[in-house]
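Enquirer: Please find one structure pasted underneath; my questions will follow.
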Amino acid sequence: MEHAMTLVIFTFLSQMAIGAFACLFFIDTYKEKISERSTVISLITILAISAVAVVVSVFHLGHPFAAYRALLNFGASWLTREIVFFPLFMFFVLLYTFFAKTKAQKQILGWTTVVFGAVTIFSTAMIYTIPSVPAWNNGTTLAAFFLTALLPGPILVQLLLALLEKRTVNFNLYTTVVAFLALLLNGVTVSVLKSGLPAAVESAGLLTASPLFWIKIATLAAAFALAGYFLLKKKAGTVSTVTTLFALVIVAEFLGRILFYSSGVHL
Amino acid sequence: MSKVSRRTFLKGSAVLGALAGIGGTASSFKKIKPAKAAGKKKQVFSSCPRNCYDTCSIVTTVEDGTIKFVTGNMNNTYTNGRLCVKGYTYPNYVYSPDRIKYPMRQKERGSGKWERISWDEAYDIIAKKILEIKKEYGTTLPIALNKYSGNFNVLNNAVEGMLSSWGYTTRAQGTPCWPAGIDSQTFDFGAAVANDPEVMVKAKYLIVWGANPAWTSVHSMSIIERAKENGTKIVVIDPIMTDTASKADEYIGIKASTDGALALGMAKYILDHNLHDMEWMKKNSIGYEEYLNYLRNNITVEWASEKTGVPVEVIERLAREYAAAKPAAIWLGYGLQRHTNGGASVRAIDALAAMTGNIGVAGGGANYAQTECYGFNYAVQSAGTPPEGDKAGGDRMLNMNNFPAQVLAINNDPEQIPIKMLWVACRNPIAQDPEASVSYKAFESIDFIVTADLWFNETVKQSDIVLPVSSIFETWGLTASYWHYWVNVNEPAIEPLYESKSDLEIAMGISKRLNELEPGSCTYPTDRSIEEWISNELADDFIKKFGFKTWRDILEKGTAKVEGYEAAWSDGKFRTPSGKYEFLSETCAANGHHALPVYVEEMEVPKDRPIRLFSPHWKYGLHSQFQNLEWMRSIHNEPFVEIHPALAKKKGIEDGDMVRVESEVGYVEVKAKITHTVPKDAVVIYEAWYKEQNFNANFLLKATPSDMGSYATGQAGLAFHDQFVTVEKI
Amino acid sequence: MAKKQKRYAFLINLERCIGCNACTVSCKSFYDLHPSINRRFVRETSELLTGTPKRNYISTSCNHCDRPACATACPTGAYIKLDNGIVKHNQDRCIGCRMCATACPYGVPQFDPVKKKMDKCDMCVDRLEAGEQPICVVSCPLEAIAIVDLNEIDESQVVADLPGFADSSITGSSTRFILPKGTTVVRGGIKSWNTL
Ligand SMILES: Nc1nc2c(c(=O)[nH]1)N[C@H]1C(S)=C(S)[C@@H](COP(=O)(O)OP(=O)(O)OC[C@H]3O[C@@H](n4cnc5c(=O)[nH]c(N)nc54)[C@H](O)[C@@H]3O)O[C@H]1N2
Ligand SMILES: Nc1nc2c(c(=O)[nH]1)N[C@H]1C(S)=C(S)[C@@H](COP(=O)(O)OP(=O)(O)OC[C@H]3O[C@@H](n4cnc5c(=O)[nH]c(N)nc54)[C@H](O)[C@@H]3O)O[C@H]1N2
Ligand code: SF4
Ligand code: SF4
Ligand code: SF4
Ligand code: SF4
Ligand code: SF4
Ligand SMILES: [Mo]
């Protein structure tokens with residue numbers, strides 16, 4: 001269990017960081033709405049989260065100091081690819097943070113970073129899209145991992161900006177839609193598992209029998225409702241609303257990831 | 001999970017120094033070329049001394065004084081270079097951190113507060129206790145021995161010799177294994193002598209009747225598989241669809257305890273269709289007319305079918321096939337006779353084999369057991385004779401199969417000389433005796449209990465002193481099988497670990513102390529080396545049987561076969577009073593049974609406990625041995641009760657549920673395992689000792705005696721499988 | 001025509017296997033494995049494999065797959081598929097990430113809690129190369145395990161799949177099984193059923 005926890009933390013943090021960067025890059029480069037100070041602090045926060053993710057993931061290894069050997073199988077192993085791409089993502093975040101001055105530079109570095117981020121998430125998802133765990137061996141894994149980037153990531157940025165710039169960027173439409181998709185994905189996942197191999201059916205049972213699953217649904221629903229409410233009211237919401245939203249999606253996605261590992265029944 | 005692996009084990013251990021000399025130990029063969037420096041790696045022959053049909057000859061590889069691997073000895077064609085799963089755990093057995101390492105004294109029984117004492121102290125405490133008892137009672141009769149089958153190395157009979165050398169004592173007599181059947185075969189043949197099991201391949205037809213060799217005799221199972229591939233038809237008769245039955249061509253799920261009816265029904269059909277061997281009977285037997293008349297007048301196939309639950313046409317077909325196949329063999333197992341009519345069933349089966357002329361034929365036989373290989377001198381035992389002046393004049397015998405109740409009866413009766421001291425060796429009575437709750441009371445009624453063992457089992461926990469016994473790899477031994485015809489030697493492979501000693505060394509140690517305290521109080525010799533003792537065990541004519549010059553010749557191959565048993569009784573010289581096979585046995589009648597192999601009614605199923613309990617032997621253990629070891633636990637570590645899906649459904653029990661199984665004398669709580677392989681009206685719990693688990697099948701067992709056993713083994717057997725229970729979901 | 005490369009594989013005879021685990025323990029002993037690790041596994045398979053109920057077992061170790069999932073998952077490239085079919089694990093490379101254990105459909109690789117690395121059956125390749133049979137093969141008291149060359153055997157006499165054994169097609173498991181034969185079962189009815 002404790003070794004699965006390192007994976008929960010790594011995948012969750014890395015995906016959130018990637019989503020956060022993509023969001024920040026979009027606002028920074030295309031909307032040009034934020035101060036340089038806020039951008040740099042936010043980017044450093046993203047780097048820090050990524051660094052924590054990497055450090056935690058190394059502790060998953062029996063031999064942390066031999067971690068470099070994990071680079072040796074790029075040709076076949078999605079894990080190697082993930083281990084190559086995520087540091088590349090981080091490296092480009094670093095470049096973006098300190099060397100992207102012009103809009104063109106920002107665009108080139110930013111898109112490169114986003115691509116590495118996306119490829120990282122794709123690689124992570126492919127690690128788990130394997131026949132030996134039928135519950136994982138379908139598109140829901142990829143969808144879930146990208147949703148972790150797309151939901152807590154931007155809300156993290158929203159929160160950072162709210163704190164740094166003392167104003168709230170209005171993401172309500174986006175959040176409402178993505179939270180709805182996240183909710184939908186749960187339904188889709190359960191029905192995909194139920195119609196799968198016996199091990200997947202068992203996973204579905206474990207999933208829906210877990211109180212964590214229902215807490216996750218409740219928090220997602222609350223996030224959806226909260227964002228939806230402000231969307232209808234056409235208000236951006238306050239720092240505390242964003243904080244609440246962030247707390248809700250973090251809980252939802254973190255629990256989701258714990259459930260992902262704990263209900264993955266091996267063949 | 002222990003972190004002690006074999007390689008790291010010795011590093012921290014004090015025995016390292018002692019190991020240096022091992023490489024030089026004279027051993028007259030070298031099977032492998034030493035890989036590195038000479039003497040660093042060697043192979044020696046060991047022998048598995050457990051109470052097991054297979055009594056394997058083992059090759060033990062020792063490197064730097066540490067056992068690296070054990071496997072079967074190829075020189076022994078029965079062992080065939082392979083061991084069973086228990087045999088392969090021996091390295092773990094030897095180096096297990098759980099072993100008893102030093103003599104210890106327990107503050108209060110069951111408290112687990114053990115205090116290490118020296119051997120001198122242990123000998124002193126024990127010797128003083130013996131002298132004290134002798135002084136108070138004028139006899140050593142208050143000292144009891146309970147020893148059985150933990151180790152069948154002939155040198156372990158030193159324990160019996162040791163007690164005799166103190167005086168007359170109280171003994172747990174008899175055997176739980178085979179008593180009823182031994183009596184039957186003694187009545188019928190004059191002794192139990194089975195064909196060499198390696199000849200089973202020659203059978204055209206083989207009935208395995210109430211034995212489960214797939215678990216209890218794997219090497220015979222291999223022979224059976226070979227026979228099957230040669231075209232032998234294999235029929236297994238057992239209430240349980242065992243692993244043996246699962247390999248059969250045909251499985252007969254007989255109603256328990258009705259085997260006699262099946263045998264008689266088959267015999268009746270054979271007689272009616274003139275398929276019997278009249279010539280053999282006339283030449284070799286007495287009482288056949290009476291037997292045939294009994295069949296004519298009392299038996300019908302329909303009756304046999306009604307009794308056994310086996311359809312008429314199946315009984316008829318079995319009878320036809322068995323009578324037609326020449327030769328046809330029957331293997332009678334010990335499970336078969338663990339019933340109130342078990343001895344009678346065995347006699348009926350013997351008669352079936354005899355009337356078809358299958359006795360004295362290679363590939364035939366009514367094969368149950370043999371003791372022909374025990375050609376030892378039993379010097380270790382006879383070395384001890386009661387010193388003069390013991391007023392008892394003889395040992396007092398208790399039935400091993402009802403030991404706890406008989407001890408209690410004596411200790412509760414002021415008229416009798418009480419039991420004050422108990423010596424336990426090669427025996428785990430609390431785990432293996434019936435009525436475990438009575439065992440605890442019996443132990444409580446005894447002042448002083450000494451147990452010699454390797455493990456802190458439930459019996460040790462209820463003792464005052466525990467003495468650490470060495471494993472087979474740390475001492476000498478000689479073993480013979482009660483099934484195949486090989487005799488094996490066991491050479492020491494390593495120095496004794498910790499402060500462990502063999503039972504023989506313990507016998508000598510106590511004798512020495514007794515004579516120091518009171519000269520002449522003990523007759524046991526103290527001046528012989530273990531090698532001398534072993535050389536005394538092989539009688540000259542026994543050595544000659546193998547074509548050896550000296551006993552040491554056996555060290556060349558580790559094993560030697562007694563020849564001439566391909567077809568037991570082929571000389572037609574039976575050891576009965578008449579010298580013939582006795583369908584009608586006066587001896588049997590004189591012992592309170594029927595003279596003829598008639599049907600004896602099975603025990604009635606009690607109305608309030610309608611489910612039969614079987615508690616047969618377990619594949620990952622040998623009684624209370626092996627299942628406790630870490631390697632075994634890594635494969636299996638949870639007791640269970642097998643229940644048929646229909647019964648489970650009726651009781652609302654699902655696979656994995658905890659259930660309470662309750663008998664007249666106690667209960668156990670275990671996990672349910674649902675399986676189609678057991679009868680619908682019975683449950684199966686395999687007897688075993690699981691480390692640190694509160695499980696003991698014998699809480700359920702009542703000491704109901706079987707019909708026979710007292711003639712040849714001194715005491716009646718135990719109806720282990722005539723036990724009835726209720727089963728409820730917890 | 002050039003002689004075809006060997007494809008070593010385990011052939012397990014279910015008609016002989018009694019589920020005793022002697023193979024598991026002899027392997028554990030010979031290689032002095034950590035007590036918690038087994039390179040061979042003996043499981044019960046369906047009691048109804050041949051129709052009438054009876055006890056059936058499958059003894060398997062690594063299946064030395066044609067498309068080993070362990071090798072694809074392993075980030076260090078610690079697994080190599082040798083020309084003779086054996087999938088060998090190089091413990092020197094292993095960093096103990098356990099990805100292979102997750103990826104192997106048969107749950108074969110085991111984590112050694114002391115070495116903090118994976119452990120797996122290598123078909124006793126050193127012994128095979130020295131002309132000796134694997135330890136489990138020579139230890140099985142029922143002689144139920146054999147090493148065969150998949151290029152030589154008659155595939156119609158064996159199967160690659162059994163209930164309780166993950167689909168062989170996922171990774172191209174090389175293990176083959178000889179199915180047990182049926183046993184004629186005679187069992188009478190229970191008269192006292194209602195009183196139970
Ligand atoms: N692995 C292992 N091997 C052992 C032992 C062990 O504990 N474990 N113990 C050793 C010892 S001491 C002994 S005595 C032998 C015993 O060896 P076996 O006689 O082979 O063993 P059991 O398991 O006692 O009983 C055999 C079968 O008898 C069946 N049986 C019970 N009642 C009846 C009946 O009424 N009719 C028929 N036809 N069958 C019946 C049981 O279902 C069981 O399958 O094994 C020796 N070998
Ligand atoms: N319910 C139920 N109970 C049964 C049976 C059954 O079928 N069902 N079967 C019965 C049968 S057939 C038998 S044979 C008995 C067997 O019962 P036991 O004779 O008690 O046999 P084990 O449990 O094999 O061994 C007893 C002890 O001997 C120890 N020992 C081993 N080697 C040595 C040694 O060299 N010296 C000393 N001093 N001790 C040693 C072992 O560690 C173990 O603790 O159980 C009987 N009990
Ligand atoms: S327990 Fe029996 S089969 Fe196993 S090694 Fe010992 S003698 Fe051989
Ligand atoms: S040792 Fe042989 S018979 Fe026993 S489980 Fe292994 S393969 Fe089956
Ligand atoms: S069985 Fe598992 S470990 Fe063995 S080769 Fe196949 S995938 Fe790899
Ligand atoms: S645990 Fe070792 S062998 Fe397995 S995937 Fe990781 S590095 Fe490769
Ligand atoms: S082939 Fe060798 S390593 Fe593999 S299971 Fe058998 S004994 Fe163990
Ligand atoms: Mo026994």
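Every chain in the structure tokens takes a letter, A first, then B, and so on in the order presented; its residues are numbered from 1, and the ligands are numbered from 1 following the presented order.
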Can you tell me which residues sit at most 6 Å away from ligand 4, counting only C-alpha atoms and all ligand atoms, written as an MDAnalysis selection string?

Expert: chainID C and resid 17:23 42 59 140:142 144:145

Enquirer: Go ahead and dump the residues you just picked, all heavy atoms, as a compact mmCIF listing (two decimals), in the first residue's frame.

Expert:
```txt
# COMPACT_ATOMS: atom_id res chain seq x y z
N CYS C 17 0.18 -34.10 -12.21
CA CYS C 17 0.42 -33.13 -11.13
C CYS C 17 -0.59 -33.33 -10.00
O CYS C 17 -1.79 -33.37 -10.22
CB CYS C 17 0.33 -31.70 -11.66
SG CYS C 17 0.50 -30.48 -10.35
N ILE C 18 -0.06 -33.46 -8.79
CA ILE C 18 -0.92 -33.65 -7.62
C ILE C 18 -0.97 -32.40 -6.76
O ILE C 18 -1.43 -32.43 -5.61
CB ILE C 18 -0.42 -34.84 -6.77
CG1 ILE C 18 1.07 -34.68 -6.48
CG2 ILE C 18 -0.73 -36.16 -7.46
CD1 ILE C 18 1.62 -35.66 -5.45
N GLY C 19 -0.45 -31.30 -7.28
CA GLY C 19 -0.55 -30.02 -6.54
C GLY C 19 0.24 -30.00 -5.25
O GLY C 19 -0.15 -29.36 -4.28
N CYS C 20 1.39 -30.69 -5.23
CA CYS C 20 2.07 -30.88 -3.95
C CYS C 20 3.05 -29.76 -3.61
O CYS C 20 3.48 -29.64 -2.48
CB CYS C 20 2.81 -32.21 -3.96
SG CYS C 20 4.22 -32.25 -5.09
N ASN C 21 3.46 -28.96 -4.59
CA ASN C 21 4.38 -27.85 -4.35
C ASN C 21 5.83 -28.28 -4.07
O ASN C 21 6.63 -27.46 -3.63
CB ASN C 21 3.89 -26.95 -3.20
CG ASN C 21 3.13 -25.75 -3.72
OD1 ASN C 21 3.66 -24.98 -4.51
ND2 ASN C 21 1.90 -25.58 -3.30
N ALA C 22 6.15 -29.53 -4.31
CA ALA C 22 7.56 -29.93 -4.14
C ALA C 22 8.43 -29.10 -5.09
O ALA C 22 9.55 -28.72 -4.75
CB ALA C 22 7.73 -31.42 -4.42
N CYS C 23 7.89 -28.81 -6.27
CA CYS C 23 8.62 -28.00 -7.26
C CYS C 23 8.93 -26.62 -6.68
O CYS C 23 10.06 -26.13 -6.77
CB CYS C 23 7.79 -27.87 -8.54
SG CYS C 23 6.05 -27.47 -8.26
N VAL C 42 1.74 -23.03 -7.52
CA VAL C 42 0.81 -24.11 -7.77
C VAL C 42 -0.57 -23.63 -7.34
O VAL C 42 -0.76 -23.23 -6.20
CB VAL C 42 1.22 -25.38 -7.00
CG1 VAL C 42 0.22 -26.49 -7.25
CG2 VAL C 42 2.63 -25.82 -7.42
N SER C 59 0.66 -26.00 -12.10
CA SER C 59 1.95 -25.56 -11.58
C SER C 59 2.62 -24.73 -12.66
O SER C 59 2.85 -25.23 -13.75
CB SER C 59 2.81 -26.79 -11.25
OG SER C 59 4.15 -26.40 -11.07
N CYS C 140 10.24 -32.79 -9.05
CA CYS C 140 8.81 -33.15 -9.01
C CYS C 140 8.66 -34.66 -8.81
O CYS C 140 9.06 -35.44 -9.67
CB CYS C 140 8.12 -32.72 -10.30
SG CYS C 140 6.47 -33.43 -10.43
N PRO C 141 8.08 -35.07 -7.70
CA PRO C 141 8.00 -36.51 -7.44
C PRO C 141 7.12 -37.24 -8.46
O PRO C 141 7.25 -38.44 -8.64
CB PRO C 141 7.41 -36.60 -6.03
CG PRO C 141 6.82 -35.26 -5.75
CD PRO C 141 7.55 -34.27 -6.60
N LEU C 142 6.26 -36.52 -9.12
CA LEU C 142 5.38 -37.15 -10.11
C LEU C 142 5.89 -36.98 -11.53
O LEU C 142 5.23 -37.38 -12.48
CB LEU C 142 3.96 -36.57 -9.98
CG LEU C 142 3.03 -37.29 -8.99
CD1 LEU C 142 2.68 -38.68 -9.52
CD2 LEU C 142 3.61 -37.41 -7.61
N ALA C 144 5.96 -34.43 -13.39
CA ALA C 144 4.88 -33.78 -14.12
C ALA C 144 5.35 -32.56 -14.92
O ALA C 144 4.58 -31.98 -15.67
CB ALA C 144 3.78 -33.35 -13.15
N ILE C 145 6.61 -32.17 -14.73
CA ILE C 145 7.12 -31.00 -15.45
C ILE C 145 8.19 -31.45 -16.43
O ILE C 145 9.04 -32.27 -16.07
CB ILE C 145 7.78 -29.97 -14.49
CG1 ILE C 145 6.89 -29.71 -13.28
CG2 ILE C 145 8.08 -28.66 -15.22
CD1 ILE C 145 7.54 -28.81 -12.23
```

Enquirer: Just want the 9 Å neighbourhood of Arg660 (chain B), counted on only C-alpha atoms, with same-chain residues fewer than 6 positions away dropped. Output as a PDB file with all heavy atoms, in the first residue's frame.

Expert:
```pdb
ATOM      1  N   TYR B 667     -15.165 -28.041  19.959  1.00  0.00           N
ATOM      2  CA  TYR B 667     -15.452 -27.346  18.701  1.00  0.00           C
ATOM      3  C   TYR B 667     -14.193 -26.692  18.159  1.00  0.00           C
ATOM      4  O   TYR B 667     -13.233 -26.483  18.895  1.00  0.00           O
ATOM      5  CB  TYR B 667     -16.548 -26.293  18.911  1.00  0.00           C
ATOM      6  CG  TYR B 667     -16.085 -25.082  19.692  1.00  0.00           C
ATOM      7  CD1 TYR B 667     -15.599 -23.954  19.033  1.00  0.00           C
ATOM      8  CD2 TYR B 667     -16.109 -25.068  21.091  1.00  0.00           C
ATOM      9  CE1 TYR B 667     -15.152 -22.854  19.739  1.00  0.00           C
ATOM     10  CE2 TYR B 667     -15.670 -23.974  21.805  1.00  0.00           C
ATOM     11  CZ  TYR B 667     -15.183 -22.870  21.133  1.00  0.00           C
ATOM     12  OH  TYR B 667     -14.722 -21.781  21.828  1.00  0.00           O
ATOM     13  N   VAL B 668     -14.218 -26.411  16.869  1.00  0.00           N
ATOM     14  CA  VAL B 668     -13.181 -25.563  16.281  1.00  0.00           C
ATOM     15  C   VAL B 668     -13.861 -24.558  15.361  1.00  0.00           C
ATOM     16  O   VAL B 668     -14.972 -24.784  14.894  1.00  0.00           O
ATOM     17  CB  VAL B 668     -12.125 -26.343  15.455  1.00  0.00           C
ATOM     18  CG1 VAL B 668     -11.351 -27.321  16.300  1.00  0.00           C
ATOM     19  CG2 VAL B 668     -12.769 -27.045  14.283  1.00  0.00           C
ATOM     20  N   GLU B 669     -13.185 -23.433  15.150  1.00  0.00           N
ATOM     21  CA  GLU B 669     -13.676 -22.431  14.220  1.00  0.00           C
ATOM     22  C   GLU B 669     -12.673 -22.297  13.087  1.00  0.00           C
ATOM     23  O   GLU B 669     -11.500 -22.007  13.331  1.00  0.00           O
ATOM     24  CB  GLU B 669     -13.879 -21.096  14.945  1.00  0.00           C
ATOM     25  CG  GLU B 669     -14.987 -21.219  15.974  1.00  0.00           C
ATOM     26  CD  GLU B 669     -15.251 -19.946  16.780  1.00  0.00           C
ATOM     27  OE1 GLU B 669     -14.418 -19.013  16.743  1.00  0.00           O
ATOM     28  OE2 GLU B 669     -16.295 -19.901  17.439  1.00  0.00           O
ATOM     29  N   VAL B 670     -13.135 -22.555  11.883  1.00  0.00           N
ATOM     30  CA  VAL B 670     -12.238 -22.514  10.718  1.00  0.00           C
ATOM     31  C   VAL B 670     -12.952 -21.927   9.511  1.00  0.00           C
ATOM     32  O   VAL B 670     -14.176 -21.776   9.488  1.00  0.00           O
ATOM     33  CB  VAL B 670     -11.748 -23.924  10.279  1.00  0.00           C
ATOM     34  CG1 VAL B 670     -10.503 -24.336  11.002  1.00  0.00           C
ATOM     35  CG2 VAL B 670     -12.832 -24.952  10.404  1.00  0.00           C
ATOM     36  N   LYS B 671     -12.156 -21.653   8.526  1.00  0.00           N
ATOM     37  CA  LYS B 671     -12.660 -21.086   7.274  1.00  0.00           C
ATOM     38  C   LYS B 671     -13.254 -22.188   6.399  1.00  0.00           C
ATOM     39  O   LYS B 671     -12.694 -23.282   6.320  1.00  0.00           O
ATOM     40  CB  LYS B 671     -11.482 -20.437   6.541  1.00  0.00           C
ATOM     41  CG  LYS B 671     -11.897 -19.304   5.652  1.00  0.00           C
ATOM     42  CD  LYS B 671     -10.681 -18.617   5.090  1.00  0.00           C
ATOM     43  CE  LYS B 671     -10.844 -17.118   5.113  1.00  0.00           C
ATOM     44  NZ  LYS B 671      -9.707 -16.418   4.551  1.00  0.00           N
ATOM     45  N   THR B 726     -21.807 -30.961  14.074  1.00  0.00           N
ATOM     46  CA  THR B 726     -22.700 -29.998  13.440  1.00  0.00           C
ATOM     47  C   THR B 726     -21.823 -28.891  12.864  1.00  0.00           C
ATOM     48  O   THR B 726     -20.706 -28.672  13.326  1.00  0.00           O
ATOM     49  CB  THR B 726     -23.674 -29.379  14.460  1.00  0.00           C
ATOM     50  OG1 THR B 726     -22.904 -28.796  15.516  1.00  0.00           O
ATOM     51  CG2 THR B 726     -24.618 -30.423  15.021  1.00  0.00           C
ATOM     52  N   VAL B 727     -22.353 -28.229  11.869  1.00  0.00           N
ATOM     53  CA  VAL B 727     -21.588 -27.175  11.207  1.00  0.00           C
ATOM     54  C   VAL B 727     -22.482 -25.955  11.063  1.00  0.00           C
ATOM     55  O   VAL B 727     -23.588 -26.059  10.536  1.00  0.00           O
ATOM     56  CB  VAL B 727     -21.140 -27.637   9.800  1.00  0.00           C
ATOM     57  CG1 VAL B 727     -20.415 -26.522   9.078  1.00  0.00           C
ATOM     58  CG2 VAL B 727     -20.257 -28.866   9.898  1.00  0.00           C
ATOM     59  N   GLU B 728     -22.034 -24.834  11.583  1.00  0.00           N
ATOM     60  CA  GLU B 728     -22.837 -23.614  11.462  1.00  0.00           C
ATOM     61  C   GLU B 728     -21.950 -22.457  11.051  1.00  0.00           C
ATOM     62  O   GLU B 728     -20.794 -22.366  11.453  1.00  0.00           O
ATOM     63  CB  GLU B 728     -23.505 -23.263  12.806  1.00  0.00           C
ATOM     64  CG  GLU B 728     -24.439 -24.317  13.382  1.00  0.00           C
ATOM     65  CD  GLU B 728     -25.592 -24.721  12.461  1.00  0.00           C
ATOM     66  OE1 GLU B 728     -26.023 -23.883  11.619  1.00  0.00           O
ATOM     67  OE2 GLU B 728     -26.037 -25.890  12.556  1.00  0.00           O
ATOM     68  N   LYS B 729     -22.541 -21.550  10.314  1.00  0.00           N
ATOM     69  CA  LYS B 729     -21.847 -20.321   9.968  1.00  0.00           C
ATOM     70  C   LYS B 729     -21.765 -19.450  11.224  1.00  0.00           C
ATOM     71  O   LYS B 729     -22.722 -19.373  11.986  1.00  0.00           O
ATOM     72  CB  LYS B 729     -22.638 -19.590   8.872  1.00  0.00           C
ATOM     73  CG  LYS B 729     -21.947 -18.360   8.380  1.00  0.00           C
ATOM     74  CD  LYS B 729     -22.732 -17.680   7.292  1.00  0.00           C
ATOM     75  CE  LYS B 729     -22.153 -16.284   7.157  1.00  0.00           C
ATOM     76  NZ  LYS B 729     -22.526 -15.637   5.945  1.00  0.00           N
ATOM     77  N   ILE B 730     -20.596 -18.824  11.427  1.00  0.00           N
ATOM     78  CA  ILE B 730     -20.461 -17.969  12.615  1.00  0.00           C
ATOM     79  C   ILE B 730     -21.036 -16.597  12.309  1.00  0.00           C
ATOM     80  O   ILE B 730     -20.680 -15.981  11.310  1.00  0.00           O
ATOM     81  CB  ILE B 730     -18.975 -17.819  13.025  1.00  0.00           C
ATOM     82  CG1 ILE B 730     -18.391 -19.189  13.363  1.00  0.00           C
ATOM     83  CG2 ILE B 730     -18.852 -16.904  14.240  1.00  0.00           C
ATOM     84  CD1 ILE B 730     -16.915 -19.165  13.708  1.00  0.00           C
TER      85      ILE B 730
END
```

Enquirer: Could you name the residues that touch Cys124 (chain C) at 8 Å or less, counting only C-alpha atoms, but leaving out those on the same chain fewer than 6 positions away, as a list in words?

Expert: Gln133, Pro134 and Ile135 of chain C

Enquirer: Now that the selection is made, can you save its residues with all heavy atoms as a PDB file, in the first residue's frame?

Expert:
```
ATOM      1  N   GLN C 133      18.726 -30.719 -16.241  1.00  0.00           N
ATOM      2  CA  GLN C 133      17.347 -30.257 -16.221  1.00  0.00           C
ATOM      3  C   GLN C 133      17.152 -29.273 -15.061  1.00  0.00           C
ATOM      4  O   GLN C 133      17.862 -29.334 -14.062  1.00  0.00           O
ATOM      5  CB  GLN C 133      16.409 -31.453 -16.028  1.00  0.00           C
ATOM      6  CG  GLN C 133      16.356 -32.372 -17.241  1.00  0.00           C
ATOM      7  CD  GLN C 133      15.681 -31.710 -18.426  1.00  0.00           C
ATOM      8  OE1 GLN C 133      14.537 -31.294 -18.351  1.00  0.00           O
ATOM      9  NE2 GLN C 133      16.411 -31.566 -19.530  1.00  0.00           N
ATOM     10  N   PRO C 134      16.168 -28.392 -15.180  1.00  0.00           N
ATOM     11  CA  PRO C 134      15.893 -27.474 -14.070  1.00  0.00           C
ATOM     12  C   PRO C 134      15.571 -28.217 -12.766  1.00  0.00           C
ATOM     13  O   PRO C 134      15.119 -29.367 -12.790  1.00  0.00           O
ATOM     14  CB  PRO C 134      14.663 -26.706 -14.554  1.00  0.00           C
ATOM     15  CG  PRO C 134      14.759 -26.740 -16.037  1.00  0.00           C
ATOM     16  CD  PRO C 134      15.366 -28.073 -16.367  1.00  0.00           C
ATOM     17  N   ILE C 135      15.795 -27.533 -11.673  1.00  0.00           N
ATOM     18  CA  ILE C 135      15.588 -28.129 -10.360  1.00  0.00           C
ATOM     19  C   ILE C 135      14.145 -28.595 -10.170  1.00  0.00           C
ATOM     20  O   ILE C 135      13.890 -29.700  -9.686  1.00  0.00           O
ATOM     21  CB  ILE C 135      15.984 -27.115  -9.262  1.00  0.00           C
ATOM     22  CG1 ILE C 135      17.505 -27.005  -9.198  1.00  0.00           C
ATOM     23  CG2 ILE C 135      15.439 -27.517  -7.895  1.00  0.00           C
ATOM     24  CD1 ILE C 135      18.221 -28.282  -8.808  1.00  0.00           C
TER      25      ILE C 135
END
```

Enquirer: Kindly compile the residues surrounding ligand 6 within 6 Å, counting only C-alpha atoms and all ligand atoms, and format them as number ranges by chain.

Expert: C: 73-76, 78, 94-100, 117-118

Enquirer: Between CA of Phe548 (chain B) and CA of Val70 (chain B), what is the distance in Å, rounded to a tenth?

Expert: 26.4 Å

Enquirer: All residues within 6 Å of ligand 1 are required, counting only C-alpha atoms and all ligand atoms; please report them as JSON, numbers by chain.

Expert: {"B": [51, 52, 53, 177, 209, 210, 211, 212, 213, 215, 216, 217, 237, 238, 239, 240, 242, 256, 257, 259, 333, 334, 335, 336, 616, 617, 618, 619, 620, 621, 622, 623, 721]}

Enquirer: Can you work out which residues from chain A touch chain C at a cut-off of 9 Å (counting only C-alpha atoms) and hand them back as a PyMOL selection string?

Expert: chain A and resi 58+60-81+83+127-128+130-133+266-267

Enquirer: Once DSSP has gone over the backbone, tell me which residues of region 319-547 of chain B are in alpha helix (DSSP H), as JSON, numbers by chain.

Expert: {"B": [319, 320, 321, 322, 323, 324, 342, 343, 344, 345, 346, 347, 348, 349, 350, 351, 352, 353, 354, 355, 379, 380, 381, 382, 403, 404, 405, 406, 407, 408, 409, 410, 411, 429, 430, 431, 432, 436, 437, 438, 439, 440, 441, 442, 443, 444, 458, 459, 460, 461, 503, 504, 505, 506, 507, 508, 509, 510, 511, 512, 513, 514, 515, 516, 517, 530, 531, 532, 533, 534, 535, 536, 537, 540, 541, 542, 543, 544, 545]}
